[in-house]
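coords-v1.cif follows; it contains mmCIF, N, CA and C atoms.
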data_run
#
loop_
_atom_site.label_atom_id
_atom_site.label_comp_id
_atom_site.auth_asym_id
_atom_site.auth_seq_id
_atom_site.Cartn_x
_atom_site.Cartn_y
_atom_site.Cartn_z
N MET A 357 -118.42 19.34 -32.83
CA MET A 357 -119.44 19.00 -31.85
C MET A 357 -118.94 17.92 -30.89
N MET A 358 -118.27 16.89 -31.45
CA MET A 358 -117.78 15.81 -30.61
C MET A 358 -116.76 16.33 -29.59
N HIS A 359 -115.89 17.25 -30.02
CA HIS A 359 -114.88 17.79 -29.10
C HIS A 359 -115.54 18.58 -27.98
N THR A 360 -116.61 19.29 -28.30
CA THR A 360 -117.33 20.03 -27.27
C THR A 360 -117.94 19.08 -26.26
N THR A 361 -118.51 17.99 -26.73
CA THR A 361 -119.10 16.99 -25.84
C THR A 361 -118.02 16.31 -24.99
N LEU A 362 -116.91 15.93 -25.63
CA LEU A 362 -115.81 15.31 -24.89
C LEU A 362 -115.24 16.28 -23.87
N ARG A 363 -115.10 17.53 -24.26
CA ARG A 363 -114.60 18.55 -23.33
C ARG A 363 -115.49 18.62 -22.10
N GLY A 364 -116.78 18.64 -22.30
CA GLY A 364 -117.73 18.69 -21.18
C GLY A 364 -117.62 17.47 -20.27
N TRP A 365 -117.50 16.30 -20.88
CA TRP A 365 -117.37 15.08 -20.08
C TRP A 365 -116.07 15.06 -19.28
N LEU A 366 -114.98 15.50 -19.90
CA LEU A 366 -113.70 15.51 -19.20
C LEU A 366 -113.72 16.51 -18.03
N ILE A 367 -114.37 17.63 -18.24
CA ILE A 367 -114.48 18.61 -17.15
C ILE A 367 -115.33 18.04 -16.02
N ARG A 368 -116.43 17.39 -16.37
CA ARG A 368 -117.25 16.74 -15.32
C ARG A 368 -116.44 15.67 -14.58
N TRP A 369 -115.64 14.91 -15.31
CA TRP A 369 -114.78 13.90 -14.70
C TRP A 369 -113.82 14.54 -13.69
N LEU A 370 -113.19 15.64 -14.11
CA LEU A 370 -112.25 16.31 -13.20
C LEU A 370 -112.96 16.88 -11.97
N TYR A 371 -114.18 17.39 -12.17
CA TYR A 371 -114.96 17.83 -11.01
C TYR A 371 -115.24 16.66 -10.07
N LEU A 372 -115.61 15.52 -10.64
CA LEU A 372 -115.90 14.34 -9.83
C LEU A 372 -114.66 13.89 -9.05
N VAL A 373 -113.52 13.82 -9.72
CA VAL A 373 -112.28 13.42 -9.04
C VAL A 373 -111.95 14.42 -7.93
N SER A 374 -112.12 15.69 -8.21
CA SER A 374 -111.84 16.72 -7.21
C SER A 374 -112.81 16.61 -6.03
N LEU A 375 -114.08 16.37 -6.32
CA LEU A 375 -115.07 16.21 -5.24
C LEU A 375 -114.76 14.98 -4.39
N MET A 376 -114.26 13.92 -5.03
CA MET A 376 -113.85 12.73 -4.27
C MET A 376 -112.70 13.10 -3.32
N HIS A 377 -111.78 13.93 -3.78
CA HIS A 377 -110.69 14.39 -2.92
C HIS A 377 -111.23 15.23 -1.75
N VAL A 378 -112.22 16.07 -2.03
CA VAL A 378 -112.84 16.85 -0.95
C VAL A 378 -113.44 15.91 0.09
N LEU A 379 -114.17 14.91 -0.39
CA LEU A 379 -114.81 13.95 0.51
C LEU A 379 -113.78 13.17 1.33
N VAL A 380 -112.75 12.66 0.67
CA VAL A 380 -111.71 11.92 1.39
C VAL A 380 -111.03 12.83 2.40
N GLY A 381 -110.71 14.04 1.99
CA GLY A 381 -110.09 14.99 2.91
C GLY A 381 -110.96 15.30 4.11
N ALA A 382 -112.27 15.39 3.89
CA ALA A 382 -113.19 15.66 5.00
C ALA A 382 -113.32 14.46 5.92
N LEU A 383 -113.23 13.25 5.37
CA LEU A 383 -113.40 12.04 6.17
C LEU A 383 -112.14 11.62 6.94
N LEU A 384 -110.97 11.95 6.41
CA LEU A 384 -109.74 11.48 7.05
C LEU A 384 -109.63 11.85 8.53
N PRO A 385 -109.93 13.08 8.94
CA PRO A 385 -109.82 13.37 10.37
C PRO A 385 -110.76 12.51 11.23
N TRP A 386 -111.89 12.11 10.66
CA TRP A 386 -112.88 11.34 11.40
C TRP A 386 -112.66 9.84 11.31
N MET A 387 -112.02 9.40 10.22
CA MET A 387 -111.91 7.97 9.95
C MET A 387 -110.49 7.41 10.12
N ALA A 388 -109.52 8.25 10.44
CA ALA A 388 -108.13 7.81 10.47
C ALA A 388 -107.90 6.63 11.40
N ALA A 389 -108.67 6.55 12.47
CA ALA A 389 -108.48 5.45 13.43
C ALA A 389 -109.53 4.34 13.27
N ALA A 390 -110.33 4.42 12.23
CA ALA A 390 -111.40 3.43 12.04
C ALA A 390 -110.83 2.04 11.76
N PRO A 391 -111.49 1.02 12.28
CA PRO A 391 -111.01 -0.36 12.05
C PRO A 391 -110.89 -0.73 10.56
N VAL A 392 -111.67 -0.09 9.71
CA VAL A 392 -111.61 -0.41 8.29
C VAL A 392 -110.23 -0.07 7.71
N LEU A 393 -109.47 0.78 8.38
CA LEU A 393 -108.14 1.16 7.91
C LEU A 393 -107.01 0.40 8.61
N ASP A 394 -107.36 -0.63 9.40
CA ASP A 394 -106.34 -1.38 10.13
C ASP A 394 -105.30 -2.01 9.20
N ALA A 395 -105.73 -2.59 8.10
CA ALA A 395 -104.77 -3.21 7.17
C ALA A 395 -103.85 -2.16 6.57
N TYR A 396 -104.40 -1.01 6.26
CA TYR A 396 -103.60 0.10 5.72
C TYR A 396 -102.55 0.52 6.74
N HIS A 397 -102.98 0.74 7.97
CA HIS A 397 -102.04 1.11 9.03
C HIS A 397 -100.98 0.03 9.22
N GLY A 398 -101.41 -1.22 9.20
CA GLY A 398 -100.48 -2.33 9.36
C GLY A 398 -99.42 -2.36 8.28
N GLY A 399 -99.81 -2.05 7.05
CA GLY A 399 -98.84 -2.00 5.95
C GLY A 399 -97.80 -0.93 6.15
N ILE A 400 -98.23 0.23 6.60
CA ILE A 400 -97.28 1.32 6.86
C ILE A 400 -96.37 0.95 8.03
N GLU A 401 -96.96 0.41 9.08
CA GLU A 401 -96.15 0.02 10.25
C GLU A 401 -95.11 -1.02 9.87
N ALA A 402 -95.46 -1.97 9.04
CA ALA A 402 -94.53 -3.02 8.62
C ALA A 402 -93.35 -2.45 7.84
N ALA A 403 -93.59 -1.34 7.12
CA ALA A 403 -92.50 -0.72 6.37
C ALA A 403 -91.45 -0.11 7.30
N PHE A 404 -91.87 0.32 8.47
CA PHE A 404 -90.95 0.97 9.41
C PHE A 404 -90.49 0.04 10.54
N TRP A 405 -91.35 -0.88 10.93
CA TRP A 405 -91.04 -1.78 12.05
C TRP A 405 -91.39 -3.22 11.65
N PRO A 406 -90.51 -3.86 10.89
CA PRO A 406 -90.81 -5.23 10.43
C PRO A 406 -91.09 -6.20 11.58
N GLY A 407 -90.50 -5.94 12.73
CA GLY A 407 -90.70 -6.82 13.88
C GLY A 407 -91.90 -6.44 14.73
N GLY A 408 -92.66 -5.49 14.31
CA GLY A 408 -93.82 -5.03 15.08
C GLY A 408 -93.61 -3.60 15.54
N ALA A 409 -94.63 -2.81 15.40
CA ALA A 409 -94.57 -1.38 15.73
C ALA A 409 -94.74 -1.17 17.23
N PRO A 410 -94.07 -0.15 17.76
CA PRO A 410 -94.32 0.20 19.17
C PRO A 410 -95.77 0.64 19.35
N GLY A 411 -96.26 0.55 20.55
CA GLY A 411 -97.67 0.85 20.82
C GLY A 411 -98.12 2.24 20.41
N GLN A 412 -97.28 3.22 20.56
CA GLN A 412 -97.69 4.59 20.23
C GLN A 412 -97.54 4.93 18.75
N ALA A 413 -96.96 4.04 17.99
CA ALA A 413 -96.76 4.30 16.56
C ALA A 413 -98.10 4.50 15.85
N ARG A 414 -99.07 3.66 16.17
CA ARG A 414 -100.39 3.77 15.53
C ARG A 414 -101.04 5.11 15.87
N GLU A 415 -100.90 5.54 17.09
CA GLU A 415 -101.49 6.83 17.49
C GLU A 415 -100.87 7.98 16.71
N LEU A 416 -99.55 7.96 16.58
CA LEU A 416 -98.88 9.02 15.83
C LEU A 416 -99.26 8.97 14.35
N GLN A 417 -99.28 7.78 13.80
CA GLN A 417 -99.65 7.62 12.40
C GLN A 417 -101.09 8.08 12.17
N THR A 418 -101.99 7.74 13.05
CA THR A 418 -103.38 8.16 12.93
C THR A 418 -103.49 9.67 13.00
N TRP A 419 -102.71 10.27 13.86
CA TRP A 419 -102.73 11.74 13.98
C TRP A 419 -102.27 12.38 12.68
N TRP A 420 -101.17 11.87 12.09
CA TRP A 420 -100.67 12.43 10.85
C TRP A 420 -101.68 12.29 9.71
N ILE A 421 -102.31 11.15 9.64
CA ILE A 421 -103.31 10.94 8.59
C ILE A 421 -104.50 11.87 8.78
N ALA A 422 -104.94 12.01 10.01
CA ALA A 422 -106.05 12.93 10.30
C ALA A 422 -105.66 14.37 9.95
N LEU A 423 -104.43 14.73 10.26
CA LEU A 423 -103.94 16.08 9.95
C LEU A 423 -103.84 16.30 8.45
N PHE A 424 -103.53 15.26 7.71
CA PHE A 424 -103.39 15.34 6.26
C PHE A 424 -104.74 15.59 5.56
N GLY A 425 -105.83 15.16 6.17
CA GLY A 425 -107.15 15.30 5.57
C GLY A 425 -107.51 16.71 5.16
N PRO A 426 -107.40 17.69 6.06
CA PRO A 426 -107.74 19.05 5.65
C PRO A 426 -106.86 19.59 4.52
N THR A 427 -105.61 19.14 4.45
CA THR A 427 -104.73 19.56 3.36
C THR A 427 -105.25 19.02 2.03
N VAL A 428 -105.64 17.75 2.01
CA VAL A 428 -106.22 17.15 0.81
C VAL A 428 -107.48 17.90 0.42
N GLN A 429 -108.30 18.21 1.40
CA GLN A 429 -109.56 18.90 1.14
C GLN A 429 -109.31 20.29 0.55
N LEU A 430 -108.38 21.03 1.12
CA LEU A 430 -108.08 22.37 0.62
C LEU A 430 -107.54 22.32 -0.81
N MET A 431 -106.62 21.40 -1.07
CA MET A 431 -106.08 21.29 -2.42
C MET A 431 -107.17 20.93 -3.42
N ALA A 432 -108.10 20.09 -3.02
CA ALA A 432 -109.21 19.72 -3.91
C ALA A 432 -110.10 20.92 -4.20
N LEU A 433 -110.34 21.75 -3.20
CA LEU A 433 -111.15 22.95 -3.43
C LEU A 433 -110.44 23.91 -4.39
N TRP A 434 -109.14 24.02 -4.27
CA TRP A 434 -108.39 24.83 -5.23
C TRP A 434 -108.47 24.22 -6.63
N MET A 435 -108.40 22.91 -6.71
CA MET A 435 -108.53 22.25 -8.02
C MET A 435 -109.88 22.57 -8.64
N ILE A 436 -110.93 22.52 -7.82
CA ILE A 436 -112.27 22.82 -8.33
C ILE A 436 -112.32 24.25 -8.85
N ALA A 437 -111.73 25.18 -8.11
CA ALA A 437 -111.71 26.58 -8.55
C ALA A 437 -110.96 26.72 -9.88
N LEU A 438 -109.83 26.05 -10.00
CA LEU A 438 -109.06 26.15 -11.24
C LEU A 438 -109.77 25.48 -12.40
N ILE A 439 -110.41 24.36 -12.15
CA ILE A 439 -111.20 23.70 -13.20
C ILE A 439 -112.31 24.63 -13.67
N HIS A 440 -112.99 25.27 -12.73
CA HIS A 440 -114.07 26.20 -13.07
C HIS A 440 -113.53 27.35 -13.92
N LEU A 441 -112.40 27.93 -13.50
CA LEU A 441 -111.82 29.04 -14.27
C LEU A 441 -111.40 28.59 -15.67
N ALA A 442 -110.75 27.45 -15.75
CA ALA A 442 -110.30 26.97 -17.06
C ALA A 442 -111.49 26.67 -17.97
N ASP A 443 -112.55 26.15 -17.40
CA ASP A 443 -113.74 25.85 -18.19
C ASP A 443 -114.38 27.14 -18.70
N ARG A 444 -114.59 28.08 -17.81
CA ARG A 444 -115.29 29.31 -18.18
C ARG A 444 -114.46 30.23 -19.06
N LEU A 445 -113.18 30.37 -18.73
CA LEU A 445 -112.32 31.30 -19.47
C LEU A 445 -111.67 30.69 -20.69
N ARG A 446 -111.68 29.35 -20.74
CA ARG A 446 -111.03 28.62 -21.83
C ARG A 446 -109.58 29.07 -22.02
N GLN A 447 -108.92 29.19 -20.89
CA GLN A 447 -107.50 29.55 -20.89
C GLN A 447 -106.66 28.29 -20.73
N PRO A 448 -105.96 27.88 -21.76
CA PRO A 448 -105.20 26.64 -21.68
C PRO A 448 -104.13 26.66 -20.58
N GLN A 449 -103.66 27.86 -20.20
CA GLN A 449 -102.64 27.94 -19.17
C GLN A 449 -103.14 27.38 -17.84
N VAL A 450 -104.42 27.47 -17.57
CA VAL A 450 -104.95 26.96 -16.30
C VAL A 450 -104.85 25.44 -16.27
N TRP A 451 -105.17 24.79 -17.38
CA TRP A 451 -105.01 23.33 -17.45
C TRP A 451 -103.53 22.98 -17.27
N LEU A 452 -102.68 23.77 -17.88
CA LEU A 452 -101.24 23.53 -17.78
C LEU A 452 -100.77 23.66 -16.33
N TRP A 453 -101.25 24.66 -15.61
CA TRP A 453 -100.86 24.83 -14.21
C TRP A 453 -101.34 23.68 -13.35
N LEU A 454 -102.51 23.16 -13.64
CA LEU A 454 -102.97 21.98 -12.91
C LEU A 454 -102.05 20.79 -13.17
N MET A 455 -101.64 20.62 -14.43
CA MET A 455 -100.70 19.52 -14.74
C MET A 455 -99.36 19.74 -14.06
N ILE A 456 -98.85 20.96 -14.09
CA ILE A 456 -97.57 21.26 -13.46
C ILE A 456 -97.65 20.96 -11.96
N GLY A 457 -98.76 21.33 -11.34
CA GLY A 457 -98.93 21.05 -9.92
C GLY A 457 -98.86 19.56 -9.62
N LEU A 458 -99.56 18.77 -10.42
CA LEU A 458 -99.52 17.31 -10.23
C LEU A 458 -98.12 16.75 -10.48
N LEU A 459 -97.46 17.28 -11.50
CA LEU A 459 -96.13 16.77 -11.84
C LEU A 459 -95.05 17.26 -10.87
N ALA A 460 -95.33 18.31 -10.13
CA ALA A 460 -94.41 18.74 -9.07
C ALA A 460 -94.63 17.90 -7.82
N TRP A 461 -95.89 17.60 -7.52
CA TRP A 461 -96.24 16.85 -6.31
C TRP A 461 -95.88 15.37 -6.43
N ALA A 462 -96.28 14.73 -7.52
CA ALA A 462 -96.20 13.27 -7.62
C ALA A 462 -94.79 12.70 -7.47
N PRO A 463 -93.79 13.18 -8.20
CA PRO A 463 -92.47 12.56 -8.03
C PRO A 463 -91.94 12.67 -6.59
N GLN A 464 -92.21 13.80 -5.95
CA GLN A 464 -91.76 13.96 -4.57
C GLN A 464 -92.48 13.00 -3.64
N ASP A 465 -93.79 12.93 -3.80
CA ASP A 465 -94.60 12.05 -2.95
C ASP A 465 -94.22 10.58 -3.19
N ILE A 466 -94.02 10.23 -4.44
CA ILE A 466 -93.63 8.86 -4.78
C ILE A 466 -92.25 8.55 -4.19
N LEU A 467 -91.32 9.49 -4.30
CA LEU A 467 -89.98 9.25 -3.76
C LEU A 467 -90.02 9.04 -2.25
N VAL A 468 -90.78 9.87 -1.54
CA VAL A 468 -90.90 9.70 -0.09
C VAL A 468 -91.50 8.34 0.23
N SER A 469 -92.50 7.94 -0.52
CA SER A 469 -93.14 6.64 -0.29
C SER A 469 -92.20 5.49 -0.61
N LEU A 470 -91.44 5.62 -1.69
CA LEU A 470 -90.50 4.55 -2.06
C LEU A 470 -89.38 4.41 -1.02
N ARG A 471 -88.91 5.53 -0.50
CA ARG A 471 -87.87 5.48 0.53
C ARG A 471 -88.33 4.70 1.75
N ALA A 472 -89.63 4.79 2.04
CA ALA A 472 -90.18 4.09 3.20
C ALA A 472 -90.76 2.73 2.82
N ALA A 473 -90.65 2.36 1.55
CA ALA A 473 -91.23 1.11 1.04
C ALA A 473 -92.72 1.03 1.31
N CYS A 474 -93.41 2.16 1.20
CA CYS A 474 -94.87 2.22 1.37
C CYS A 474 -95.52 2.17 0.00
N TRP A 475 -95.62 0.97 -0.52
CA TRP A 475 -96.14 0.77 -1.87
C TRP A 475 -97.59 1.21 -2.04
N PRO A 476 -98.45 1.07 -1.04
CA PRO A 476 -99.82 1.55 -1.25
C PRO A 476 -99.87 3.04 -1.61
N HIS A 477 -98.99 3.82 -1.03
CA HIS A 477 -98.96 5.25 -1.37
C HIS A 477 -98.50 5.47 -2.80
N VAL A 478 -97.52 4.69 -3.23
CA VAL A 478 -97.03 4.81 -4.60
C VAL A 478 -98.18 4.51 -5.57
N TRP A 479 -98.93 3.45 -5.32
CA TRP A 479 -100.03 3.08 -6.23
C TRP A 479 -101.16 4.11 -6.21
N VAL A 480 -101.43 4.70 -5.06
CA VAL A 480 -102.44 5.76 -4.99
C VAL A 480 -101.99 6.97 -5.81
N ASP A 481 -100.72 7.33 -5.69
CA ASP A 481 -100.19 8.44 -6.48
C ASP A 481 -100.27 8.16 -7.98
N VAL A 482 -99.88 6.95 -8.38
CA VAL A 482 -99.93 6.58 -9.80
C VAL A 482 -101.38 6.61 -10.29
N ALA A 483 -102.30 6.12 -9.47
CA ALA A 483 -103.72 6.14 -9.86
C ALA A 483 -104.21 7.58 -10.01
N ALA A 484 -103.83 8.45 -9.09
CA ALA A 484 -104.25 9.86 -9.18
C ALA A 484 -103.73 10.49 -10.47
N LEU A 485 -102.49 10.21 -10.81
CA LEU A 485 -101.95 10.74 -12.06
C LEU A 485 -102.68 10.17 -13.27
N ALA A 486 -102.98 8.88 -13.22
CA ALA A 486 -103.63 8.22 -14.35
C ALA A 486 -105.03 8.76 -14.61
N VAL A 487 -105.75 9.15 -13.57
CA VAL A 487 -107.11 9.64 -13.77
C VAL A 487 -107.18 11.14 -14.03
N MET A 488 -106.09 11.85 -13.74
CA MET A 488 -106.14 13.30 -13.89
C MET A 488 -105.29 13.84 -15.05
N LEU A 489 -104.09 13.30 -15.25
CA LEU A 489 -103.23 13.87 -16.29
C LEU A 489 -103.77 13.74 -17.71
N PRO A 490 -104.27 12.57 -18.14
CA PRO A 490 -104.77 12.50 -19.52
C PRO A 490 -105.89 13.50 -19.82
N PRO A 491 -106.91 13.64 -18.95
CA PRO A 491 -107.93 14.65 -19.26
C PRO A 491 -107.37 16.08 -19.25
N LEU A 492 -106.49 16.37 -18.31
CA LEU A 492 -105.90 17.71 -18.26
C LEU A 492 -105.09 18.00 -19.52
N PHE A 493 -104.33 17.01 -19.96
CA PHE A 493 -103.54 17.19 -21.18
C PHE A 493 -104.45 17.41 -22.38
N TRP A 494 -105.51 16.61 -22.50
CA TRP A 494 -106.43 16.76 -23.64
C TRP A 494 -107.07 18.15 -23.60
N LEU A 495 -107.52 18.58 -22.43
CA LEU A 495 -108.17 19.89 -22.30
C LEU A 495 -107.19 21.02 -22.62
N TRP A 496 -105.96 20.89 -22.14
CA TRP A 496 -104.96 21.91 -22.43
C TRP A 496 -104.74 22.02 -23.94
N ARG A 497 -104.57 20.87 -24.57
CA ARG A 497 -104.32 20.85 -26.02
C ARG A 497 -105.53 21.37 -26.80
N HIS A 498 -106.71 20.93 -26.41
CA HIS A 498 -107.94 21.36 -27.09
C HIS A 498 -108.12 22.87 -26.98
N ASP A 499 -108.01 23.40 -25.76
CA ASP A 499 -108.23 24.84 -25.57
C ASP A 499 -107.11 25.66 -26.21
N ARG A 500 -105.89 25.12 -26.22
CA ARG A 500 -104.76 25.81 -26.85
C ARG A 500 -105.00 25.93 -28.36
N LEU A 501 -105.47 24.84 -28.96
CA LEU A 501 -105.76 24.87 -30.40
C LEU A 501 -106.94 25.79 -30.71
N ALA A 502 -107.92 25.81 -29.82
CA ALA A 502 -109.10 26.68 -30.03
C ALA A 502 -108.71 28.15 -29.94
N VAL A 503 -107.82 28.49 -29.02
CA VAL A 503 -107.37 29.87 -28.87
C VAL A 503 -106.52 30.28 -30.07
N ALA A 504 -105.73 29.34 -30.58
CA ALA A 504 -104.84 29.64 -31.73
C ALA A 504 -105.62 29.85 -33.03
N SER A 505 -106.80 29.26 -33.15
CA SER A 505 -107.53 29.37 -34.42
C SER A 505 -108.45 30.56 -34.47
#
Let me see whether you can do it: turn the structure in this file into structure tokens.
Amino acid sequence: MMHTTLRGWLIRWLYLVSLMHVLVGALLPWMAAAPVLDAYHGGIEAAFWPGGAPGQARELQTWWIALFGPTVQLMALWMIALIHLADRLRQPQVWLWLMIGLLAWAPQDILVSLRAACWPHVWVDVAALAVMLPPLFWLWRHDRLAVAS
């Protein structure tokens, strides 16, 4: 009974994390140039131009961030679909594919961020892994054991 309850909570958690990604992805095109992100932009600019960024750098950076939003949103919608399938079908392979996707994305994203000395991106990636991998691993193991018995 406890495993069933924990399974439900972990699935709700993954839905919540995925919905947060949908929301962030939807907001990025609209909020990329918002003053609330000035410190974030400044941190990225400092990584590339320690002496101060050229005037058009912020515009280009804002454009890239806005463009990235729909990609985040789409990936989150796919995550929601896979979470739904894994929950309903109780197929451990779906949890495994979600983990593989994160483990394929994260090292590459972290490496790109480290090369540019963009530490905020590294910490965001680490946080994403920390909130998603443990529940996915538990669900994969739980459903794998349930299928085996």
Which residues, written as a VMD selection string, have at least one atom at most 8 Å from Asp499 in chain A, with all atoms listed in the file counted and residues fewer than 3 positions away on the same chain left out?
-> chain A and resid 446 to 449 493 to 496 502 to 505
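Residues matched by the PyMOL selection byres (((chain A and resi 382 and name CA) around 12) and name CA) in this file: Leu375, Met376, His377, Val378, Leu379, Val380, Gly381, Leu383, Leu384, Pro385, Trp386, Met387, Ala388, Ile421, Ala422, Leu423, Phe424, Gly425, Pro426, Thr427, Val428, Gln429, Leu430, Met431, Ala432 and Leu433 of chain A.
The closest residue to Gly398 in chain A, picked from A:Pro476, A:Leu485, A:Arg444, A:Leu492 and counting only C-alpha atoms, is A:Pro476.
The nearest approach to Phe404 in chain A among the residues A:Val480, A:Ile367, A:Ala473, A:Ile436, with only N, CA and C atoms taken into account, belongs to A:Ala473.
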re atom N of Arg363 in chain A and CA of Trp479 in chain A: distance 27.6 Å
Distance atom C of Leu458 in chain A-CA of Ser374 in chain A, one decimal place?
-> 14.1 Å
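Against this structure, the PyMOL selection byres (((chain A and resi 484 and name CA) around 12) and name CA) ends up with Leu370, Val373, Ser374, Met376, His377, Met455, Leu458, Leu459, Trp461, Ala462, Asp465, Ile466, His477, Val478, Trp479, Val480, Asp481, Val482, Ala483, Leu485, Ala486, Val487, Met488, Leu489, Pro490 and Pro491 of chain A.
For the atom pair formed by atom N of Gly411 in chain A and atom C of Gln464 in chain A, the distance is 27.5 Å, given to one decimal.
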Could you put an axis-aligned box around every listed atom of range 367-380 of chain A, padded by 6 Å on each side, and send me its centre and edge lengths in Å to one decimal, as lines of an AutoDock Vina configuration file?
center_x = -114.0
center_y = 15.3
center_z = -7.9
size_x = 18.6
size_y = 18.7
size_z = 32.6
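Nearest residue to Arg368 in chain A, choosing from A:Leu454, A:Ile439, A:Leu467, A:Cys474 and counting only C-alpha atoms: A:Ile439.
Across A:Leu438, A:Ala402, A:Leu393, A:Leu372, the tightest approach to Ala472 in chain A is made by A:Ala402 when counting only C-alpha atoms.
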Quick one: apply the PyMOL selection byres (((chain A and resi 397 and name CA) around 10) and name CA) to the file and drop the selected residues here as a ChimeraX atom specification.
-> /A:388-389,391-396,398-402,413-414,417-418,421
